[in-house]
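Chemist: Once you've had a glance at the structure underneath, I'll fire off some questions.
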Amino acid sequence: VPFDDRNLALPMGFDFQKSSKCAELFALKFMEKTAKEWETELEAAGLPCAEIQSFRDWMQDKDARIARIVAEVEGLEEPQLGRTAWMTSAGEYPNLKKMERNKKVDFKGKPTPTGTKDSQPKSRPLEGFVVVDFANVIAGPAAGRMFGELGATVYKLGPGLPQHGPMVMMVWQAELHQGKKSIIVNHKVAEAREVAQRLA
């Protein structure tokens with residue numbers, strides 16, 4: 001697999017298959033030495049490096065808990081990845097809860113914000129607005145979640161095939177898409193494009 005024209009530090013430069021193959025090749029190479037040996041060799045070459053904890057150890061890390069990157073979730077025994085962004089103006093954040101599976105979401109069309117000088121003020125500033133979230137990775141999905149926390153109805157439209165590795169598509173997304181209504185669409189199909197247009 002040719003990687004000489006790719007920035008290996010930028011996973012978004014690969015499709016899922018190439019990214020997976022690259023990870024496989026790195027894993028085989030890194031298994032040739034211990035973590036301590038790699039740390040010594042890379043630091044001697046002037047590359048910043050540190051022996052890291054296992055994912056389980058990191059999830060139990062005190063500093064990760066203080067930063068709320070790792071959080072207890074109601075209904076689950078094991079700690080989970082917490083929030084990656086907060087907004088003071090959104091008020092106090094509720095505790096994370098276990099996901100409700102197979103919860104049906106009825107689509108009733110695009111709500112139109114209404115308001116007159118005689119109407120009651122909204123409890124959250126974006127109530128009545130609809131946001132369609134096509135973003136991925138961290139920044140875009142985090143912004144979409146904040147729109148939801150400010151009262152907007154947020155629809156997350158995702159592709160049928162993953163665009164990045166499992167850490168990006170599963171672990172990060174689980175936290176960043178909280179409060180959104182998720183739909184998987186194949187934009188090559190006319191009916192799917194119609195759904196996206198109705199939402200937008």
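The way I read the labels, and the way they are meant: chains A, B, ... in the order of the structure tokens, residue 1 as the first residue of every chain, and ligand 1 as the first ligand shown, with later ones counted on from there.
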Go through region 119-175 of chain A and collect every residue that DSSP, computed from the backbone, puts in strand (DSSP E or B); the answer should be as number ranges by chain.
Modeler: A: 130-133, 153-158
Chemist: Take the residues just selected and output them with C-alpha atoms as a tab-separated table (two decimals), in the first residue's frame.
Modeler:
```tsv
chain	number	residue	atom	x	y	z
A	130	VAL	CA	-33.79	22.94	13.20
A	131	VAL	CA	-30.11	22.14	12.57
A	132	VAL	CA	-29.03	19.43	10.15
A	133	ASP	CA	-25.61	18.11	11.14
A	153	THR	CA	-33.76	20.22	17.17
A	154	VAL	CA	-30.62	18.65	15.69
A	155	TYR	CA	-30.71	15.90	13.08
A	156	LYS	CA	-27.43	14.04	12.59
A	157	LEU	CA	-27.22	12.66	9.03
A	158	GLY	CA	-24.52	10.03	8.81
```
Chemist: Do you know which residues are at most 10 Å from Trp172 (chain A) counting only C-alpha atoms, after dropping those on the same chain fewer than 3 positions away, and could you put them as an MDAnalysis selection string?
Modeler: chainID A and resid 81:84 136:138 141:142 166:169 175:177
Chemist: What lies within 10 Å of Ala71 (chain A) using only C-alpha atoms, ignoring chain neighbours under 3 positions off, as an mmCIF file with N, CA and C atoms, in the first residue's frame?
Modeler:
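Below you can see selection05.cif, which holds the result:
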```cif
data_model
loop_
_atom_site.group_PDB
_atom_site.id
_atom_site.type_symbol
_atom_site.label_atom_id
_atom_site.label_comp_id
_atom_site.auth_asym_id
_atom_site.auth_seq_id
_atom_site.Cartn_x
_atom_site.Cartn_y
_atom_site.Cartn_z
ATOM 1 N N MET A 59 -9.050 5.264 31.594
ATOM 2 C CA MET A 59 -10.437 5.511 32.004
ATOM 3 C C MET A 59 -10.557 5.646 33.526
ATOM 4 N N GLN A 60 -9.592 5.053 34.261
ATOM 5 C CA GLN A 60 -9.613 5.157 35.726
ATOM 6 C C GLN A 60 -8.756 6.313 36.240
ATOM 7 N N ALA A 64 -8.263 12.494 34.427
ATOM 8 C CA ALA A 64 -9.300 12.380 33.390
ATOM 9 C C ALA A 64 -10.688 12.524 34.013
ATOM 10 N N ARG A 65 -10.854 12.028 35.233
ATOM 11 C CA ARG A 65 -12.141 12.174 35.938
ATOM 12 C C ARG A 65 -12.380 13.629 36.324
ATOM 13 N N ILE A 66 -11.337 14.301 36.822
ATOM 14 C CA ILE A 66 -11.481 15.704 37.218
ATOM 15 C C ILE A 66 -11.844 16.568 36.017
ATOM 16 N N ALA A 67 -11.217 16.271 34.859
ATOM 17 C CA ALA A 67 -11.495 17.032 33.636
ATOM 18 C C ALA A 67 -12.847 16.663 33.026
ATOM 19 N N ARG A 68 -13.482 15.626 33.560
ATOM 20 C CA ARG A 68 -14.787 15.137 33.104
ATOM 21 C C ARG A 68 -14.724 14.545 31.696
ATOM 22 N N GLU A 74 -25.317 6.891 34.395
ATOM 23 C CA GLU A 74 -26.428 6.223 35.076
ATOM 24 C C GLU A 74 -26.868 5.011 34.276
ATOM 25 N N GLU A 78 -19.527 0.382 34.145
ATOM 26 C CA GLU A 78 -18.199 0.896 33.810
ATOM 27 C C GLU A 78 -18.256 2.384 33.466
ATOM 28 N N PRO A 79 -17.221 3.156 33.802
ATOM 29 C CA PRO A 79 -17.171 4.567 33.386
ATOM 30 C C PRO A 79 -17.080 4.670 31.870
ATOM 31 N N GLN A 80 -17.546 5.773 31.325
ATOM 32 C CA GLN A 80 -17.567 5.992 29.884
ATOM 33 C C GLN A 80 -16.865 7.306 29.558
ATOM 34 N N LEU A 81 -16.564 7.508 28.274
ATOM 35 C CA LEU A 81 -16.044 8.804 27.865
ATOM 36 C C LEU A 81 -17.093 9.865 28.149
ATOM 37 N N GLY A 82 -16.679 10.965 28.729
ATOM 38 C CA GLY A 82 -17.618 12.025 29.086
ATOM 39 C C GLY A 82 -17.711 13.070 27.996
ATOM 40 N N ARG A 83 -18.017 14.279 28.378
ATOM 41 C CA ARG A 83 -18.178 15.365 27.410
ATOM 42 C C ARG A 83 -16.813 15.945 27.042
ATOM 43 N N ASN A 95 -26.492 14.566 34.443
ATOM 44 C CA ASN A 95 -25.639 13.390 34.402
ATOM 45 C C ASN A 95 -25.932 12.594 33.127
ATOM 46 N N LEU A 96 -24.885 11.936 32.603
ATOM 47 C CA LEU A 96 -25.077 11.093 31.429
ATOM 48 C C LEU A 96 -25.897 9.865 31.812
#
```
Chemist: Residues within 9 Å of Ala196 (chain A), please, as an MDAnalysis selection string. Count only C-alpha atoms; anything in the same chain fewer than 2 positions from it doesn't count.
Modeler: chainID A and resid 132 157 185 187 191:194 198:200
Chemist: Choose the residue, out of A:Met99, A:Leu76, A:Cys49, A:Ile69, that has the smallest atom-to-atom separation from Lys36 (chain A); count only C-alpha atoms.
Modeler: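 When distances to Lys36 (chain A) are compared using only C-alpha atoms, the smallest one comes from A:Cys49.
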Chemist: With distances taken over only C-alpha atoms, which of A:Glu149, A:Glu77, A:Met31, A:Gly144 is nearest to Pro125 (chain A)?
Modeler: A:Glu149
